[in-house]
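To be precise, the following lines are protein.cif, and they hold mmCIF, C-alpha atoms.
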```
data_upload
loop_
_atom_site.group_PDB
_atom_site.id
_atom_site.type_symbol
_atom_site.label_atom_id
_atom_site.label_comp_id
_atom_site.auth_asym_id
_atom_site.auth_seq_id
_atom_site.Cartn_x
_atom_site.Cartn_y
_atom_site.Cartn_z
ATOM 1 C CA GLN A 241 -1.602 44.151 -179.326
ATOM 2 C CA ILE A 242 1.687 42.804 -177.991
ATOM 3 C CA ARG A 243 4.758 45.032 -178.073
ATOM 4 C CA ASP A 244 8.099 45.434 -176.352
ATOM 5 C CA ALA A 245 7.898 47.297 -173.060
ATOM 6 C CA VAL A 246 9.297 50.821 -173.002
ATOM 7 C CA LYS A 247 10.425 52.948 -170.065
ATOM 8 C CA ALA A 248 7.087 54.788 -170.007
ATOM 9 C CA ASP A 249 5.357 51.463 -169.192
ATOM 10 C CA GLY A 250 7.022 51.262 -165.776
ATOM 11 C CA ALA A 251 4.033 52.478 -163.750
ATOM 12 C CA ALA A 252 1.521 50.176 -165.465
ATOM 13 C CA ILE A 253 3.787 47.120 -165.192
ATOM 14 C CA ALA A 254 4.482 47.860 -161.520
ATOM 15 C CA ALA A 255 0.761 48.275 -160.787
ATOM 16 C CA ILE A 256 -0.105 44.898 -162.351
ATOM 17 C CA TYR A 257 2.733 43.157 -160.542
ATOM 18 C CA ASN A 258 1.980 44.836 -157.207
ATOM 19 C CA ALA A 259 -1.639 43.658 -157.407
ATOM 20 C CA HIS A 260 -0.332 40.080 -157.659
ATOM 21 C CA ILE A 261 1.962 40.685 -154.679
ATOM 22 C CA ASP A 262 -1.058 41.920 -152.703
ATOM 23 C CA ARG A 263 -3.106 38.850 -153.694
ATOM 24 C CA GLY A 264 -0.214 36.509 -152.889
ATOM 25 C CA ASP A 265 -1.257 34.321 -155.802
ATOM 26 C CA CYS A 266 1.790 33.891 -158.004
ATOM 27 C CA THR A 267 4.963 35.674 -156.909
ATOM 28 C CA MET A 268 7.398 35.282 -154.063
ATOM 29 C CA ASP A 269 8.108 39.008 -154.072
ATOM 30 C CA LEU A 270 6.977 40.643 -150.850
ATOM 31 C CA VAL A 271 7.942 44.253 -151.615
ATOM 32 C CA HIS A 272 6.082 46.414 -154.121
ATOM 33 C CA TRP A 273 7.880 47.475 -157.267
ATOM 34 C CA GLN A 274 8.312 51.181 -157.914
ATOM 35 C CA ALA A 275 7.600 52.589 -161.373
ATOM 36 C CA GLU A 276 11.042 54.201 -161.621
ATOM 37 C CA GLN A 277 12.778 50.911 -160.821
ATOM 38 C CA VAL A 278 10.762 49.073 -163.466
ATOM 39 C CA SER A 279 11.520 51.750 -166.054
ATOM 40 C CA GLN A 280 15.216 51.465 -165.254
ATOM 41 C CA ARG A 281 15.114 47.664 -165.537
ATOM 42 C CA ILE A 282 13.445 47.967 -168.965
ATOM 43 C CA ASP A 283 16.094 50.458 -170.065
ATOM 44 C CA GLU A 284 18.925 48.174 -168.901
ATOM 45 C CA LEU A 285 17.631 44.829 -170.205
ATOM 46 C CA ASP A 286 20.205 42.271 -171.192
ATOM 47 C CA PRO A 287 20.224 41.712 -174.985
ATOM 48 C CA ARG A 288 19.024 38.124 -174.395
ATOM 49 C CA GLU A 289 16.056 39.190 -172.266
ATOM 50 C CA ALA A 290 12.744 40.843 -173.125
ATOM 51 C CA TRP A 291 9.731 42.387 -171.452
ATOM 52 C CA LEU A 292 6.551 42.494 -173.508
ATOM 53 C CA THR A 293 3.255 44.257 -172.860
ATOM 54 C CA ALA A 294 -0.304 43.392 -173.871
ATOM 55 C CA ILE A 295 -2.398 46.413 -174.755
ATOM 56 C CA GLU A 296 -6.168 46.711 -175.110
ATOM 57 C CA ARG A 297 -7.813 50.038 -175.889
ATOM 58 C CA GLN A 298 -4.516 51.867 -175.258
ATOM 59 C CA THR A 299 -4.193 50.353 -171.765
ATOM 60 C CA ILE A 300 -1.602 47.836 -170.616
ATOM 61 C CA VAL A 301 -3.553 44.830 -169.329
ATOM 62 C CA GLY A 302 -0.675 42.400 -169.004
ATOM 63 C CA TRP A 303 3.009 41.879 -169.382
ATOM 64 C CA GLY A 304 5.458 39.052 -169.684
ATOM 65 C CA ALA A 305 9.182 38.508 -169.525
ATOM 66 C CA VAL A 306 11.881 36.274 -170.938
ATOM 67 C CA ARG A 307 14.858 36.122 -168.566
ATOM 68 C CA LYS A 308 18.056 34.145 -168.459
ATOM 69 C CA TYR A 309 17.581 31.105 -166.261
ATOM 70 C CA SER A 310 21.046 31.461 -164.766
ATOM 71 C CA LEU A 311 24.202 33.499 -165.235
ATOM 72 C CA ARG A 312 26.224 30.273 -165.389
ATOM 73 C CA GLY A 313 27.448 29.680 -168.950
ATOM 74 C CA GLY A 314 26.238 26.121 -169.226
ATOM 75 C CA TYR A 315 22.649 27.355 -168.870
ATOM 76 C CA ARG A 316 22.972 29.831 -171.776
ATOM 77 C CA THR A 317 20.297 27.974 -173.798
ATOM 78 C CA CYS A 318 17.754 27.964 -170.956
ATOM 79 C CA CYS A 319 15.409 30.821 -170.091
ATOM 80 C CA GLU A 320 12.536 31.469 -167.711
ATOM 81 C CA THR A 321 9.290 33.179 -168.639
ATOM 82 C CA SER A 322 6.599 34.897 -166.584
ATOM 83 C CA ILE A 323 3.188 36.322 -167.416
ATOM 84 C CA TYR A 324 1.094 38.705 -165.307
ATOM 85 C CA ILE A 325 -2.300 40.053 -166.346
ATOM 86 C CA THR A 326 -5.020 42.122 -164.749
ATOM 87 C CA PRO A 327 -8.039 40.248 -163.374
ATOM 88 C CA GLU A 328 -10.231 42.069 -165.902
ATOM 89 C CA ALA A 329 -8.195 40.642 -168.797
ATOM 90 C CA THR A 330 -8.344 37.051 -167.554
ATOM 91 C CA GLY A 331 -10.075 34.635 -169.917
ATOM 92 C CA ARG A 332 -9.949 36.936 -172.941
ATOM 93 C CA GLY A 333 -6.870 35.545 -174.686
ATOM 94 C CA VAL A 334 -4.399 38.076 -173.304
ATOM 95 C CA GLY A 335 -2.330 35.413 -171.574
ATOM 96 C CA GLN A 336 -2.272 33.310 -174.744
ATOM 97 C CA ALA A 337 -1.167 36.254 -176.856
ATOM 98 C CA LEU A 338 1.648 36.956 -174.398
ATOM 99 C CA MET A 339 2.614 33.280 -174.282
ATOM 100 C CA ASP A 340 2.810 33.057 -178.076
ATOM 101 C CA ALA A 341 4.952 36.194 -178.222
ATOM 102 C CA LEU A 342 7.224 35.086 -175.360
ATOM 103 C CA LEU A 343 7.846 31.674 -176.915
ATOM 104 C CA ALA A 344 8.596 33.239 -180.299
ATOM 105 C CA ARG A 345 10.953 35.738 -178.673
ATOM 106 C CA SER A 346 12.654 32.933 -176.732
ATOM 107 C CA VAL A 347 13.444 31.223 -180.042
ATOM 108 C CA GLU A 348 14.677 34.519 -181.538
ATOM 109 C CA LEU A 349 16.973 34.994 -178.528
ATOM 110 C CA GLY A 350 18.515 31.574 -179.076
ATOM 111 C CA TYR A 351 16.983 29.628 -176.228
ATOM 112 C CA HIS A 352 16.333 25.876 -176.399
ATOM 113 C CA LEU A 353 14.469 25.285 -173.119
ATOM 114 C CA VAL A 354 11.907 27.440 -171.311
ATOM 115 C CA VAL A 355 11.303 26.945 -167.594
ATOM 116 C CA VAL A 356 8.455 28.342 -165.505
ATOM 117 C CA ARG A 357 7.923 28.318 -161.765
ATOM 118 C CA ILE A 358 4.283 28.331 -160.654
ATOM 119 C CA PHE A 359 2.683 28.148 -157.226
ATOM 120 C CA ALA A 360 1.761 24.468 -157.081
ATOM 121 C CA ASP A 361 -1.826 25.229 -156.060
ATOM 122 C CA ASN A 362 -2.312 27.603 -159.030
ATOM 123 C CA ARG A 363 -4.055 24.981 -161.119
ATOM 124 C CA ARG A 364 -5.308 27.483 -163.703
ATOM 125 C CA SER A 365 -1.776 28.601 -164.554
ATOM 126 C CA ARG A 366 -0.480 25.043 -164.589
ATOM 127 C CA ARG A 367 -3.253 23.935 -166.981
ATOM 128 C CA PHE A 368 -2.590 26.980 -169.179
ATOM 129 C CA HIS A 369 1.095 26.103 -169.453
ATOM 130 C CA GLU A 370 0.347 22.431 -170.087
ATOM 131 C CA ARG A 371 -2.002 23.438 -172.946
ATOM 132 C CA ASN A 372 0.977 25.333 -174.353
ATOM 133 C CA GLY A 373 3.213 22.266 -174.373
ATOM 134 C CA PHE A 374 4.894 22.597 -170.984
ATOM 135 C CA THR A 375 5.568 19.446 -168.988
ATOM 136 C CA ASP A 376 5.446 19.285 -165.195
ATOM 137 C CA VAL A 377 8.879 18.152 -164.001
ATOM 138 C CA GLY A 378 8.511 18.422 -160.251
ATOM 139 C CA ILE A 379 7.560 20.247 -157.082
ATOM 140 C CA LEU A 380 9.792 22.272 -154.789
ATOM 141 C CA HIS A 381 8.144 21.593 -151.446
ATOM 142 C CA GLU A 382 7.862 24.539 -149.059
ATOM 143 C CA ALA A 383 10.060 26.624 -151.355
ATOM 144 C CA GLY A 384 8.688 29.922 -150.070
ATOM 145 C CA LEU A 385 7.034 31.444 -147.044
ATOM 146 C CA ILE A 386 4.369 34.119 -147.450
ATOM 147 C CA ASP A 387 2.261 35.412 -144.570
ATOM 148 C CA GLY A 388 3.211 32.408 -142.470
ATOM 149 C CA GLN A 389 2.149 29.933 -145.182
ATOM 150 C CA TRP A 390 4.560 27.553 -146.895
ATOM 151 C CA ILE A 391 4.336 27.695 -150.684
ATOM 152 C CA ASP A 392 5.082 24.690 -152.884
ATOM 153 C CA VAL A 393 6.332 25.585 -156.357
ATOM 154 C CA ALA A 394 5.778 23.533 -159.511
ATOM 155 C CA ILE A 395 8.508 23.529 -162.136
ATOM 156 C CA LEU A 396 7.420 23.128 -165.742
ATOM 157 C CA GLU A 397 9.510 23.061 -168.911
ATOM 158 C CA LYS A 398 9.115 23.269 -172.669
ATOM 159 C CA LEU A 399 11.694 22.368 -175.295
ATOM 160 C CA LEU A 400 11.628 24.802 -178.186
#
```
Write-out of the structure in structure tokens:
Amino acid sequence: QIRDAVKADGAAIAAIYNAHIDRGDCTMDLVHWQAEQVSQRIDELDPREAWLTAIERQTIVGWGAVRKYSLRGGYRTCCETSIYITPEATGRGVGQALMDALLARSVELGYHLVVVRIFADNRRSRRFHERNGFTDVGILHEAGLIDGQWIDVAILEKLL
């Protein structure tokens, strides 16, 4: 089941995201999210943004977001999406269900182009996005630094 995130989901969303921070596998964030901060962000979402949750057996096993790409007016038709799931939910269609819902919501919100940023060495995520119609448009070399390691970031896009 995919549904809009609500304030009460803050702890579960933070836990999933913090696990990815700890693994250093897909986010440049270095500081753990707090449940209260996540709940507040959900409560204060911009009308053109969305956070969605994936639920199995009454447990949140993943979440995704549609965010404005930039605050600059010329980019008003461009958004960025992200998906984070628990390791236990990997390979069971949770990511695909979130992707389908995020793309549909992006259209509903009036976006024309979706952009994703993925660690360049995260081949699984890149293949997943390519299967969903995203095109690789380039690499930001040494865009981030985590634990003394330079991280290259792939940029992919999809016209809606």
*Given the file above and the PyMOL selection byres ((chain A and resi 356-364) around 8), which residues are selected, and can you give them as number ranges by chain?*
A: 265-267, 320-322, 354-355, 365-368, 379, 391-397
Go ahead and write the residues just picked, C-alpha atoms, as a compact mmCIF listing (two decimals), in the frame of the given file.
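Saved as result-v2.txt:
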```txt
# COMPACT_ATOMS: atom_id res chain seq x y z
CA ASP A 265 -1.26 34.32 -155.80
CA CYS A 266 1.79 33.89 -158.00
CA THR A 267 4.96 35.67 -156.91
CA GLU A 320 12.54 31.47 -167.71
CA THR A 321 9.29 33.18 -168.64
CA SER A 322 6.60 34.90 -166.58
CA VAL A 354 11.91 27.44 -171.31
CA VAL A 355 11.30 26.94 -167.59
CA SER A 365 -1.78 28.60 -164.55
CA ARG A 366 -0.48 25.04 -164.59
CA ARG A 367 -3.25 23.94 -166.98
CA PHE A 368 -2.59 26.98 -169.18
CA ILE A 379 7.56 20.25 -157.08
CA ILE A 391 4.34 27.70 -150.68
CA ASP A 392 5.08 24.69 -152.88
CA VAL A 393 6.33 25.58 -156.36
CA ALA A 394 5.78 23.53 -159.51
CA ILE A 395 8.51 23.53 -162.14
CA LEU A 396 7.42 23.13 -165.74
CA GLU A 397 9.51 23.06 -168.91
```
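Of the listed residues (A:Val278, A:Glu382, A:Val347, A:Glu328), A:Val347 comes nearest to Leu399 of chain A; the distances count only C-alpha atoms.
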*asked:* Quick one: residues within 9 Å of segment 255-262 of chain A, only C-alpha atoms, excluding same-chain residues fewer than 2 positions away - as a list of chain:residue names?
replied: A:Gly250, A:Ala251, A:Ala252, A:Ile253, A:Gly264, A:Asp265, A:Cys266, A:Thr267, A:Met268, A:Asp269, A:Leu270, A:Val271, A:His272, A:Trp273, A:Gln274, A:Ala275, A:Ile300, A:Val301, A:Gly302, A:Trp303, A:Tyr324, A:Ile325, A:Thr326
Kindly export the residues of the current selection with C-alpha atoms, as a PDB file, keeping the file's coordinate frame.
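Result went into again.pdb, see below:
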```
ATOM      1  CA  GLY A 250       7.022  51.262-165.776  1.00  0.00           C
ATOM      2  CA  ALA A 251       4.033  52.478-163.750  1.00  0.00           C
ATOM      3  CA  ALA A 252       1.521  50.176-165.465  1.00  0.00           C
ATOM      4  CA  ILE A 253       3.787  47.120-165.192  1.00  0.00           C
ATOM      5  CA  GLY A 264      -0.214  36.509-152.889  1.00  0.00           C
ATOM      6  CA  ASP A 265      -1.257  34.321-155.802  1.00  0.00           C
ATOM      7  CA  CYS A 266       1.790  33.891-158.004  1.00  0.00           C
ATOM      8  CA  THR A 267       4.963  35.674-156.909  1.00  0.00           C
ATOM      9  CA  MET A 268       7.398  35.282-154.063  1.00  0.00           C
ATOM     10  CA  ASP A 269       8.108  39.008-154.072  1.00  0.00           C
ATOM     11  CA  LEU A 270       6.977  40.643-150.850  1.00  0.00           C
ATOM     12  CA  VAL A 271       7.942  44.253-151.615  1.00  0.00           C
ATOM     13  CA  HIS A 272       6.082  46.414-154.121  1.00  0.00           C
ATOM     14  CA  TRP A 273       7.880  47.475-157.267  1.00  0.00           C
ATOM     15  CA  GLN A 274       8.312  51.181-157.914  1.00  0.00           C
ATOM     16  CA  ALA A 275       7.600  52.589-161.373  1.00  0.00           C
ATOM     17  CA  ILE A 300      -1.602  47.836-170.616  1.00  0.00           C
ATOM     18  CA  VAL A 301      -3.553  44.830-169.329  1.00  0.00           C
ATOM     19  CA  GLY A 302      -0.675  42.400-169.004  1.00  0.00           C
ATOM     20  CA  TRP A 303       3.009  41.879-169.382  1.00  0.00           C
ATOM     21  CA  TYR A 324       1.094  38.705-165.307  1.00  0.00           C
ATOM     22  CA  ILE A 325      -2.300  40.053-166.346  1.00  0.00           C
ATOM     23  CA  THR A 326      -5.020  42.122-164.749  1.00  0.00           C
TER      24      THR A 326
END
```
Return as a PDB file with C-alpha atoms, keeping the file's coordinate frame the set of residues that the PyMOL selection byres ((chain A and resi 337) around 12) yields on the displayed structure.
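Saved to selection-v6.pdb:
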```pdb
ATOM      1  CA  GLN A 241      -1.602  44.151-179.326  1.00  0.00           C
ATOM      2  CA  ILE A 242       1.687  42.804-177.991  1.00  0.00           C
ATOM      3  CA  ARG A 243       4.758  45.032-178.073  1.00  0.00           C
ATOM      4  CA  LEU A 292       6.551  42.494-173.508  1.00  0.00           C
ATOM      5  CA  THR A 293       3.255  44.257-172.860  1.00  0.00           C
ATOM      6  CA  ALA A 294      -0.304  43.392-173.871  1.00  0.00           C
ATOM      7  CA  ILE A 295      -2.398  46.413-174.755  1.00  0.00           C
ATOM      8  CA  GLU A 296      -6.168  46.711-175.110  1.00  0.00           C
ATOM      9  CA  VAL A 301      -3.553  44.830-169.329  1.00  0.00           C
ATOM     10  CA  GLY A 302      -0.675  42.400-169.004  1.00  0.00           C
ATOM     11  CA  TRP A 303       3.009  41.879-169.382  1.00  0.00           C
ATOM     12  CA  GLY A 304       5.458  39.052-169.684  1.00  0.00           C
ATOM     13  CA  ILE A 323       3.188  36.322-167.416  1.00  0.00           C
ATOM     14  CA  ILE A 325      -2.300  40.053-166.346  1.00  0.00           C
ATOM     15  CA  ALA A 329      -8.195  40.642-168.797  1.00  0.00           C
ATOM     16  CA  THR A 330      -8.344  37.051-167.554  1.00  0.00           C
ATOM     17  CA  GLY A 331     -10.075  34.635-169.917  1.00  0.00           C
ATOM     18  CA  ARG A 332      -9.949  36.936-172.941  1.00  0.00           C
ATOM     19  CA  GLY A 333      -6.870  35.545-174.686  1.00  0.00           C
ATOM     20  CA  VAL A 334      -4.399  38.076-173.304  1.00  0.00           C
ATOM     21  CA  GLY A 335      -2.330  35.413-171.574  1.00  0.00           C
ATOM     22  CA  GLN A 336      -2.272  33.310-174.744  1.00  0.00           C
ATOM     23  CA  LEU A 338       1.648  36.956-174.398  1.00  0.00           C
ATOM     24  CA  MET A 339       2.614  33.280-174.282  1.00  0.00           C
ATOM     25  CA  ASP A 340       2.810  33.057-178.076  1.00  0.00           C
ATOM     26  CA  ALA A 341       4.952  36.194-178.222  1.00  0.00           C
ATOM     27  CA  LEU A 342       7.224  35.086-175.360  1.00  0.00           C
ATOM     28  CA  LEU A 343       7.846  31.674-176.915  1.00  0.00           C
ATOM     29  CA  ALA A 344       8.596  33.239-180.299  1.00  0.00           C
ATOM     30  CA  ASN A 372       0.977  25.333-174.353  1.00  0.00           C
TER      31      ASN A 372
END
```
Hey, can I get the axis-aligned box for segment 285-301 of chain A? All listed atoms, 5 Å padding on each side, centre and edge lengths in Å to one decimal, as lines of an AutoDock Vina configuration file.
```
center_x = 6.2
center_y = 45.0
center_z = -172.6
size_x = 38.0
size_y = 23.7
size_z = 16.6
```
*Straight-line distance linking atom CA of Asp244 of chain A with atom CA of Ile282 of chain A, stated in Å to one decimal*: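 Interatomic distance here is 9.5 Å.
Among A:Arg316, A:Arg263, A:Arg371, A:His381, the residue with the shortest atom-to-atom distance to Leu349 of chain A, counting all atoms listed in the file, is A:Arg316.
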_I'd like the contact shell of His352 of chain A - 7 Å cut-off, all atoms listed in the file, skipping same-chain residues fewer than 3 positions apart - returned as a ChimeraX atom specification._
/A:317-318,399-400
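Between atom CA of Asp286 of chain A and atom CA of Tyr351 of chain A lies a distance of 14.0 Å.
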*Counting only C-alpha atoms, which of A:Leu353, A:Ala305, A:Ile386, A:Val377 gets nearest to Ala245 of chain A?*
A:Ala305
*Find the distance between atom CA of Gln277 of chain A and atom CA of Arg297 of chain A and write it in Å to one decimal.*
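So the two atoms, atom CA of Gln277 of chain A and atom CA of Arg297 of chain A, lie 25.5 Å apart.
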_Selected residue, from A:Ala248, A:Leu380, A:Val306, A:Ala254, that lies nearest to Ser346 of chain A when counting only C-alpha atoms_ =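 Closest residue, counting only C-alpha atoms: A:Val306.
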*Step by step, work through what the PyMOL selection byres ((chain A and resi 288) around 8) selects in the shown file, and finish by giving those residues as a list in words.*
Asp286, Pro287, Glu289, Ala290, Arg307, Lys308 and Leu349 of chain A
